[in-house]
Structure formats: structure tokens, C-alpha cells
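Text of the file final-v4.txt, holding compact mmCIF, C-alpha atoms:
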```txt
# COMPACT_ATOMS: atom_id res chain seq x y z
CA MET A 1 -17.36 1.68 18.98
CA LYS A 2 -14.69 -0.97 19.34
CA LEU A 3 -11.76 -1.22 16.92
CA SER A 4 -12.89 -4.58 15.54
CA GLU A 5 -16.40 -3.23 14.93
CA PHE A 6 -14.95 -0.19 13.16
CA LEU A 7 -12.73 -2.33 10.94
CA GLU A 8 -15.58 -4.71 10.21
CA ASP A 9 -17.79 -1.80 9.10
CA TYR A 10 -15.27 0.61 7.56
CA GLY A 11 -12.00 -1.27 6.98
CA GLY A 12 -12.61 -1.58 3.26
CA TRP A 13 -13.20 2.15 3.00
CA VAL A 14 -10.08 2.94 5.02
CA ALA A 15 -7.99 0.76 2.70
CA PHE A 16 -9.66 2.36 -0.33
CA VAL A 17 -8.79 5.88 0.81
CA ILE A 18 -5.17 4.90 1.51
CA ALA A 19 -4.80 3.20 -1.89
CA LEU A 20 -6.46 6.15 -3.65
CA VAL A 21 -4.20 8.71 -1.98
CA ALA A 22 -1.11 6.61 -2.77
CA THR A 23 -2.17 6.23 -6.39
CA LEU A 24 -2.93 9.92 -6.82
CA GLY A 25 0.37 10.78 -5.14
CA SER A 26 2.34 8.58 -7.50
CA LEU A 27 0.53 10.08 -10.47
CA TYR A 28 1.28 13.57 -9.18
CA TYR A 29 4.99 12.84 -8.86
CA SER A 30 5.22 11.38 -12.37
CA GLU A 31 2.72 13.46 -14.36
CA VAL A 32 2.82 16.86 -12.61
CA ALA A 33 6.24 17.03 -10.95
CA GLY A 34 7.85 15.26 -13.91
CA PHE A 35 9.74 12.57 -11.98
CA ILE A 36 10.40 9.54 -14.18
CA PRO A 37 9.54 6.36 -12.26
CA CYS A 38 12.27 3.74 -11.96
CA ARG A 39 11.62 0.06 -12.50
CA LEU A 40 10.99 -0.65 -8.81
CA CYS A 41 8.56 2.28 -8.71
CA TRP A 42 6.67 0.64 -11.55
CA TYR A 43 6.54 -2.65 -9.65
CA GLN A 44 5.13 -0.83 -6.63
CA ARG A 45 2.53 0.81 -8.86
CA ILE A 46 1.58 -2.60 -10.26
CA MET A 47 0.81 -3.69 -6.71
CA MET A 48 -0.96 -0.45 -5.62
CA TYR A 49 -3.12 0.61 -8.55
CA PRO A 50 -5.39 -2.48 -8.58
CA LEU A 51 -5.97 -2.03 -4.85
CA VAL A 52 -8.01 1.10 -5.58
CA LEU A 53 -10.58 -0.86 -7.56
CA ILE A 54 -10.43 -4.00 -5.45
CA THR A 55 -10.99 -2.13 -2.18
CA LEU A 56 -13.72 0.06 -3.72
CA VAL A 57 -15.68 -2.94 -4.96
CA GLY A 58 -15.06 -4.85 -1.72
CA ALA A 59 -16.21 -1.90 0.41
CA LEU A 60 -19.32 -1.35 -1.68
CA ARG A 61 -20.24 -5.04 -1.52
CA ARG A 62 -19.16 -5.35 2.13
CA ASP A 63 -17.23 -8.44 1.07
CA ASP A 64 -16.02 -10.59 3.96
CA TYR A 65 -13.29 -12.00 1.70
CA LEU A 66 -11.77 -8.59 0.87
CA PRO A 67 -8.64 -9.23 2.99
CA SER A 68 -7.97 -12.39 0.96
CA TYR A 69 -7.93 -10.35 -2.25
CA VAL A 70 -5.91 -7.42 -0.91
CA LEU A 71 -3.26 -9.01 1.32
CA PRO A 72 -1.22 -10.72 -1.43
CA LEU A 73 -0.81 -7.44 -3.31
CA SER A 74 -0.14 -5.33 -0.22
CA ILE A 75 2.39 -7.75 1.29
CA ILE A 76 4.31 -8.09 -1.99
CA GLY A 77 4.19 -4.30 -2.33
CA MET A 78 5.62 -3.97 1.18
CA GLY A 79 8.52 -6.19 0.19
CA ILE A 80 9.27 -4.24 -2.98
CA SER A 81 9.00 -0.90 -1.15
CA THR A 82 11.26 -2.06 1.67
CA TYR A 83 13.91 -3.25 -0.78
CA HIS A 84 13.63 -0.01 -2.77
CA TYR A 85 13.93 2.19 0.34
CA LEU A 86 16.93 0.27 1.62
CA MET A 87 18.54 0.58 -1.82
CA GLU A 88 17.93 4.34 -1.77
CA LYS A 89 19.57 4.60 1.64
CA GLY A 90 22.62 2.59 0.57
CA VAL A 91 21.95 -0.54 2.62
CA PHE A 92 21.78 -2.58 -0.59
CA PRO A 93 23.91 -1.78 -3.65
CA ALA A 94 22.21 -0.51 -6.80
CA SER A 95 20.51 -3.36 -8.61
CA ASN A 96 21.11 -4.47 -12.17
CA THR A 97 17.33 -4.66 -12.64
CA CYS A 98 17.17 -0.87 -12.77
CA ALA A 99 17.84 1.00 -15.98
CA ALA A 100 20.90 3.21 -16.31
CA ASP A 101 18.83 6.21 -17.39
CA VAL A 102 16.54 5.99 -14.32
CA PRO A 103 18.46 4.36 -11.46
CA CYS A 104 16.52 2.97 -8.51
CA ASN A 105 18.93 4.25 -5.87
CA ILE A 106 18.29 7.97 -6.36
CA SER A 107 15.69 9.89 -4.37
CA TYR A 108 13.67 12.58 -6.10
CA VAL A 109 12.32 13.76 -2.75
CA ASN A 110 13.83 13.48 0.70
CA TYR A 111 11.49 15.13 3.20
CA PHE A 112 12.91 15.52 6.73
CA GLY A 113 16.05 13.73 5.54
CA PHE A 114 14.47 10.28 5.35
CA VAL A 115 10.98 10.36 3.78
CA THR A 116 11.31 9.29 0.15
CA ILE A 117 8.71 8.15 -2.35
CA ALA A 118 9.62 4.53 -1.60
CA LEU A 119 9.04 5.10 2.13
CA MET A 120 5.68 6.72 1.42
CA ALA A 121 4.71 3.65 -0.62
CA LEU A 122 5.93 1.37 2.17
CA ILE A 123 3.79 3.26 4.71
CA ALA A 124 0.73 3.00 2.45
CA PHE A 125 1.22 -0.75 1.88
CA THR A 126 1.79 -1.30 5.59
CA LEU A 127 -1.35 0.61 6.59
CA ILE A 128 -3.43 -1.32 4.06
CA THR A 129 -1.96 -4.61 5.28
CA LEU A 130 -2.65 -3.79 8.93
CA THR A 131 -6.20 -2.72 8.09
CA MET A 132 -6.85 -5.96 6.21
CA LEU A 133 -5.35 -8.09 9.00
CA GLY A 134 -7.58 -6.26 11.47
CA MET A 135 -10.62 -6.87 9.27
CA ARG A 136 -9.78 -10.55 8.98
CA ALA A 137 -9.42 -10.85 12.76
CA ALA A 138 -12.71 -9.00 13.29
CA TYR A 139 -14.55 -11.31 10.90
CA ARG A 140 -13.09 -14.40 12.55
CA ARG A 141 -13.94 -13.09 16.03
CA ASP A 142 -17.48 -12.33 14.88
CA GLU A 143 -17.90 -15.82 13.41
CA ALA A 144 -16.66 -17.38 16.63
CA GLY A 145 -19.09 -15.30 18.67
CA GLN A 146 -16.35 -13.66 20.74
CA LEU A 147 -16.62 -10.20 22.18
CA PRO A 148 -15.11 -7.40 20.04
CA LEU A 149 -11.85 -5.71 21.02
```
Can I see the file as C-alpha cells?
Amino acid sequence: MKLSEFLEDYGGWVAFVIALVATLGSLYYSEVAGFIPCRLCWYQRIMMYPLVLITLVGALRRDDYLPSYVLPLSIIGMGISTYHYLMEKGVFPASNTCAADVPCNISYVNYFGFVTIALMALIAFTLITLTMLGMRAAYRRDEAGQLPL
């Protein structure tokens, strides 16, 4: 099976699983581990949580327009996550948008010395974005009658 055929058939499900794991992970960190989310974490959640339902419905309906619904949220989420990660690593100074009681530049986790919650969110948003771009390309290639990749 070619990559474009796989994404055409299962891309919505791949994005759903990624969004679900990211959502459950964020809920674990806040509700089980007891980490209080900062303001940028909340913005990332606002972009990720709807993706679970949108990708589930799109995968069930096999909606050709699913990338159009998902990409705005995932690309904005990538931007927020990138900014948050760079703030955690000291590239950008701490922002005034973050509350004093829960600053955005601290890292609750730091696996392997660089994997923070913001980086995990960035990876999830990036994987969803790449999956949706691949789906869009597969649909366009199929409509044009070109051979799959």
C-alpha cells in the first residue's frame, strides 16, 4: 500500500489517535500528576481538545474536507507550542501574558534534558499537521487521476 493510499484511507484515524493521546496526556499531567497548567498550556489545550471530536467525526464519515477543518487548529497550536517551548528554554523572556502564580517558563517535566510538555504538544500538533497535509495531497492526486506515491 502506498503512503497516499494509506493516508487517504486512515489519515483521519491517525490524527484522531494522536489528538486523543495528547488530550489524555494533558489530562493526566493536570488531574493525576497535579501540575497546574499555565496560560499557554490552556491555549494549547483549546487548540487540541476539539481535534479529538473533529477527527473522530471526520474519520467516521470519511470526510474529504477533514484537513480543512483540522489544519487551522493544528497550525495555530504548533505556533503556540513552539513559542512556549522556546520560552521554557530561555530563548524568549518570560511573557507578561502568564500569571505570576503559574509562570509559563517553568518545566514540570524535562525528560532526557529537553522533552517538556510543550515539546510533546508541539510534536503532536506537527504530526497531525503532516498527516492532514498528506491527506490533502492524496485527495488532490486522486482527483487529478495521478498515480499514488
Note to self: Taking 2 positions as the minimum chain separation for residues in the same chain, which residues sit within 12 Å of A:Arg45 when counting all atoms listed in the file? Answer as a VMD selection string.
What the structure shows: chain A and resid 19 to 20 22 to 27 30 37 to 43 47 to 52 73 to 74 76 to 78 80 to 81 117 to 118 121 to 122 124 to 125
Non-local contacts of A:Val57 (10 Å; only C-alpha atoms; under 3 positions in same chain excluded) as a list in words:
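Near neighbours after the sequence-gap exclusion: Gly12, Trp13, Phe16, Leu51, Val52, Leu53, Ile54, Leu60, Arg61, Arg62, Asp63 and Leu66 of chain A.
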Using the file's own x, y and z axes, what box holds all listed atoms of stretch 98-110 of chain A with 3 Å on each side, keeping edges along x, y and z, and what are its centre and edge lengths in Å to one decimal, as lines of an AutoDock Vina configuration file?
```
center_x = 16.6
center_y = 6.4
center_z = -8.3
size_x = 14.6
size_y = 20.6
size_z = 24.1
```
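Taking all atoms listed in the file into account, A:Gly79 lies nearest to A:Gln44 out of the set A:Ile128, A:Tyr10, A:Lys2, A:Gln44.
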* **d(atom CA of A:Arg140, atom CA of A:Ala59) in Å** =>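 Atom CA of A:Arg140 sits 17.7 Å away from atom CA of A:Ala59.
For A:Asn110, the residues within 12 Å (counting all atoms listed in the file, excluding itself and residues fewer than 6 positions away along the chain) are Tyr85, Glu88, Lys89, Thr116, Ile117, Ala118, Leu119 and Met120 of chain A.
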In Å and to one decimal, atom CA of A:Tyr65 is distant from atom CA of A:Arg141 by 14.4 Å
Using only C-alpha atoms, can you tell me which of A:Leu3, A:Leu86, A:Ile18, A:Val91 comes closest to A:Ile123?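 Among the listed residues, A:Ile18 lies closest to A:Ile123.
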In terms of only C-alpha atoms, the residue from A:Leu71, A:Ile36, A:Met135, A:Leu127 at minimal distance from A:Val102 is A:Ile36
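With distances restricted to only C-alpha atoms, A:Pro103 is the closest residue to A:Phe35 from A:Gly90, A:Gly58, A:Gly134, A:Pro103.
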Dump stretch 72-98 of chain A with N, CA, C and O atoms to a file, as a PDB file, in the first residue's frame.
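Output (out-v8.pdb):
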```pdb
ATOM      1  N   PRO A  72      -6.300  24.553  10.477  1.00  0.00           N
ATOM      2  CA  PRO A  72      -6.199  25.825  11.209  1.00  0.00           C
ATOM      3  C   PRO A  72      -5.879  25.627  12.689  1.00  0.00           C
ATOM      4  O   PRO A  72      -5.022  26.328  13.236  1.00  0.00           O
ATOM      5  N   LEU A  73      -6.526  24.668  13.324  1.00  0.00           N
ATOM      6  CA  LEU A  73      -6.278  24.429  14.745  1.00  0.00           C
ATOM      7  C   LEU A  73      -4.880  23.872  14.980  1.00  0.00           C
ATOM      8  O   LEU A  73      -4.180  24.295  15.907  1.00  0.00           O
ATOM      9  N   SER A  74      -4.459  22.936  14.145  1.00  0.00           N
ATOM     10  CA  SER A  74      -3.150  22.312  14.374  1.00  0.00           C
ATOM     11  C   SER A  74      -1.999  23.271  14.073  1.00  0.00           C
ATOM     12  O   SER A  74      -0.983  23.262  14.783  1.00  0.00           O
ATOM     13  N   ILE A  75      -2.143  24.115  13.083  1.00  0.00           N
ATOM     14  CA  ILE A  75      -1.071  25.060  12.752  1.00  0.00           C
ATOM     15  C   ILE A  75      -0.967  26.148  13.823  1.00  0.00           C
ATOM     16  O   ILE A  75       0.139  26.513  14.246  1.00  0.00           O
ATOM     17  N   ILE A  76      -2.105  26.651  14.300  1.00  0.00           N
ATOM     18  CA  ILE A  76      -2.072  27.631  15.391  1.00  0.00           C
ATOM     19  C   ILE A  76      -1.486  26.987  16.644  1.00  0.00           C
ATOM     20  O   ILE A  76      -0.679  27.593  17.354  1.00  0.00           O
ATOM     21  N   GLY A  77      -1.881  25.747  16.920  1.00  0.00           N
ATOM     22  CA  GLY A  77      -1.333  25.023  18.060  1.00  0.00           C
ATOM     23  C   GLY A  77       0.167  24.834  17.956  1.00  0.00           C
ATOM     24  O   GLY A  77       0.888  24.935  18.960  1.00  0.00           O
ATOM     25  N   MET A  78       0.661  24.580  16.743  1.00  0.00           N
ATOM     26  CA  MET A  78       2.110  24.469  16.532  1.00  0.00           C
ATOM     27  C   MET A  78       2.801  25.773  16.897  1.00  0.00           C
ATOM     28  O   MET A  78       3.863  25.768  17.532  1.00  0.00           O
ATOM     29  N   GLY A  79       2.218  26.883  16.496  1.00  0.00           N
ATOM     30  CA  GLY A  79       2.812  28.184  16.805  1.00  0.00           C
ATOM     31  C   GLY A  79       2.861  28.451  18.302  1.00  0.00           C
ATOM     32  O   GLY A  79       3.890  28.898  18.827  1.00  0.00           O
ATOM     33  N   ILE A  80       1.762  28.168  18.987  1.00  0.00           N
ATOM     34  CA  ILE A  80       1.722  28.381  20.439  1.00  0.00           C
ATOM     35  C   ILE A  80       2.725  27.471  21.132  1.00  0.00           C
ATOM     36  O   ILE A  80       3.465  27.901  22.020  1.00  0.00           O
ATOM     37  N   SER A  81       2.773  26.208  20.728  1.00  0.00           N
ATOM     38  CA  SER A  81       3.694  25.248  21.353  1.00  0.00           C
ATOM     39  C   SER A  81       5.148  25.617  21.108  1.00  0.00           C
ATOM     40  O   SER A  81       5.985  25.484  22.006  1.00  0.00           O
ATOM     41  N   THR A  82       5.451  26.078  19.910  1.00  0.00           N
ATOM     42  CA  THR A  82       6.821  26.496  19.595  1.00  0.00           C
ATOM     43  C   THR A  82       7.232  27.666  20.479  1.00  0.00           C
ATOM     44  O   THR A  82       8.319  27.667  21.071  1.00  0.00           O
ATOM     45  N   TYR A  83       6.366  28.664  20.564  1.00  0.00           N
ATOM     46  CA  TYR A  83       6.649  29.831  21.403  1.00  0.00           C
ATOM     47  C   TYR A  83       6.822  29.405  22.864  1.00  0.00           C
ATOM     48  O   TYR A  83       7.757  29.850  23.540  1.00  0.00           O
ATOM     49  N   HIS A  84       5.953  28.535  23.341  1.00  0.00           N
ATOM     50  CA  HIS A  84       6.011  28.082  24.727  1.00  0.00           C
ATOM     51  C   HIS A  84       7.312  27.316  24.996  1.00  0.00           C
ATOM     52  O   HIS A  84       7.979  27.543  26.015  1.00  0.00           O
ATOM     53  N   TYR A  85       7.684  26.432  24.085  1.00  0.00           N
ATOM     54  CA  TYR A  85       8.917  25.654  24.267  1.00  0.00           C
ATOM     55  C   TYR A  85      10.144  26.566  24.278  1.00  0.00           C
ATOM     56  O   TYR A  85      11.037  26.413  25.105  1.00  0.00           O
ATOM     57  N   LEU A  86      10.175  27.510  23.356  1.00  0.00           N
ATOM     58  CA  LEU A  86      11.310  28.429  23.307  1.00  0.00           C
ATOM     59  C   LEU A  86      11.359  29.324  24.552  1.00  0.00           C
ATOM     60  O   LEU A  86      12.449  29.682  25.012  1.00  0.00           O
ATOM     61  N   MET A  87      10.206  29.647  25.108  1.00  0.00           N
ATOM     62  CA  MET A  87      10.174  30.407  26.351  1.00  0.00           C
ATOM     63  C   MET A  87      10.707  29.544  27.508  1.00  0.00           C
ATOM     64  O   MET A  87      11.471  30.032  28.341  1.00  0.00           O
ATOM     65  N   GLU A  88      10.323  28.277  27.527  1.00  0.00           N
ATOM     66  CA  GLU A  88      10.828  27.382  28.570  1.00  0.00           C
ATOM     67  C   GLU A  88      12.348  27.245  28.509  1.00  0.00           C
ATOM     68  O   GLU A  88      13.007  27.150  29.537  1.00  0.00           O
ATOM     69  N   LYS A  89      12.891  27.229  27.314  1.00  0.00           N
ATOM     70  CA  LYS A  89      14.327  27.040  27.138  1.00  0.00           C
ATOM     71  C   LYS A  89      15.112  28.336  27.212  1.00  0.00           C
ATOM     72  O   LYS A  89      16.325  28.344  27.038  1.00  0.00           O
ATOM     73  N   GLY A  90      14.444  29.455  27.457  1.00  0.00           N
ATOM     74  CA  GLY A  90      15.128  30.724  27.661  1.00  0.00           C
ATOM     75  C   GLY A  90      15.450  31.499  26.401  1.00  0.00           C
ATOM     76  O   GLY A  90      16.128  32.525  26.472  1.00  0.00           O
ATOM     77  N   VAL A  91      14.957  31.050  25.252  1.00  0.00           N
ATOM     78  CA  VAL A  91      15.187  31.788  24.007  1.00  0.00           C
ATOM     79  C   VAL A  91      14.399  33.095  24.024  1.00  0.00           C
ATOM     80  O   VAL A  91      14.899  34.134  23.597  1.00  0.00           O
ATOM     81  N   PHE A  92      13.166  33.033  24.519  1.00  0.00           N
ATOM     82  CA  PHE A  92      12.339  34.220  24.693  1.00  0.00           C
ATOM     83  C   PHE A  92      12.207  34.490  26.184  1.00  0.00           C
ATOM     84  O   PHE A  92      12.138  33.557  26.982  1.00  0.00           O
ATOM     85  N   PRO A  93      12.146  35.755  26.584  1.00  0.00           N
ATOM     86  CA  PRO A  93      11.945  36.050  28.012  1.00  0.00           C
ATOM     87  C   PRO A  93      10.526  35.671  28.432  1.00  0.00           C
ATOM     88  O   PRO A  93       9.633  35.545  27.596  1.00  0.00           O
ATOM     89  N   ALA A  94      10.336  35.502  29.726  1.00  0.00           N
ATOM     90  CA  ALA A  94       9.009  35.188  30.255  1.00  0.00           C
ATOM     91  C   ALA A  94       8.017  36.265  29.842  1.00  0.00           C
ATOM     92  O   ALA A  94       8.312  37.453  29.884  1.00  0.00           O
ATOM     93  N   SER A  95       6.851  35.834  29.443  1.00  0.00           N
ATOM     94  CA  SER A  95       5.842  36.745  28.919  1.00  0.00           C
ATOM     95  C   SER A  95       4.987  37.325  30.036  1.00  0.00           C
ATOM     96  O   SER A  95       4.784  36.707  31.078  1.00  0.00           O
ATOM     97  N   ASN A  96       4.465  38.506  29.785  1.00  0.00           N
ATOM     98  CA  ASN A  96       3.536  39.128  30.729  1.00  0.00           C
ATOM     99  C   ASN A  96       2.154  38.491  30.655  1.00  0.00           C
ATOM    100  O   ASN A  96       1.317  38.746  31.516  1.00  0.00           O
ATOM    101  N   THR A  97       1.886  37.700  29.612  1.00  0.00           N
ATOM    102  CA  THR A  97       0.579  37.057  29.490  1.00  0.00           C
ATOM    103  C   THR A  97       0.409  35.938  30.506  1.00  0.00           C
ATOM    104  O   THR A  97      -0.700  35.519  30.774  1.00  0.00           O
ATOM    105  N   CYS A  98       1.503  35.449  31.054  1.00  0.00           N
ATOM    106  CA  CYS A  98       1.433  34.348  32.013  1.00  0.00           C
ATOM    107  C   CYS A  98       1.260  34.890  33.426  1.00  0.00           C
ATOM    108  O   CYS A  98       1.806  35.934  33.775  1.00  0.00           O
TER     109      CYS A  98
END
```
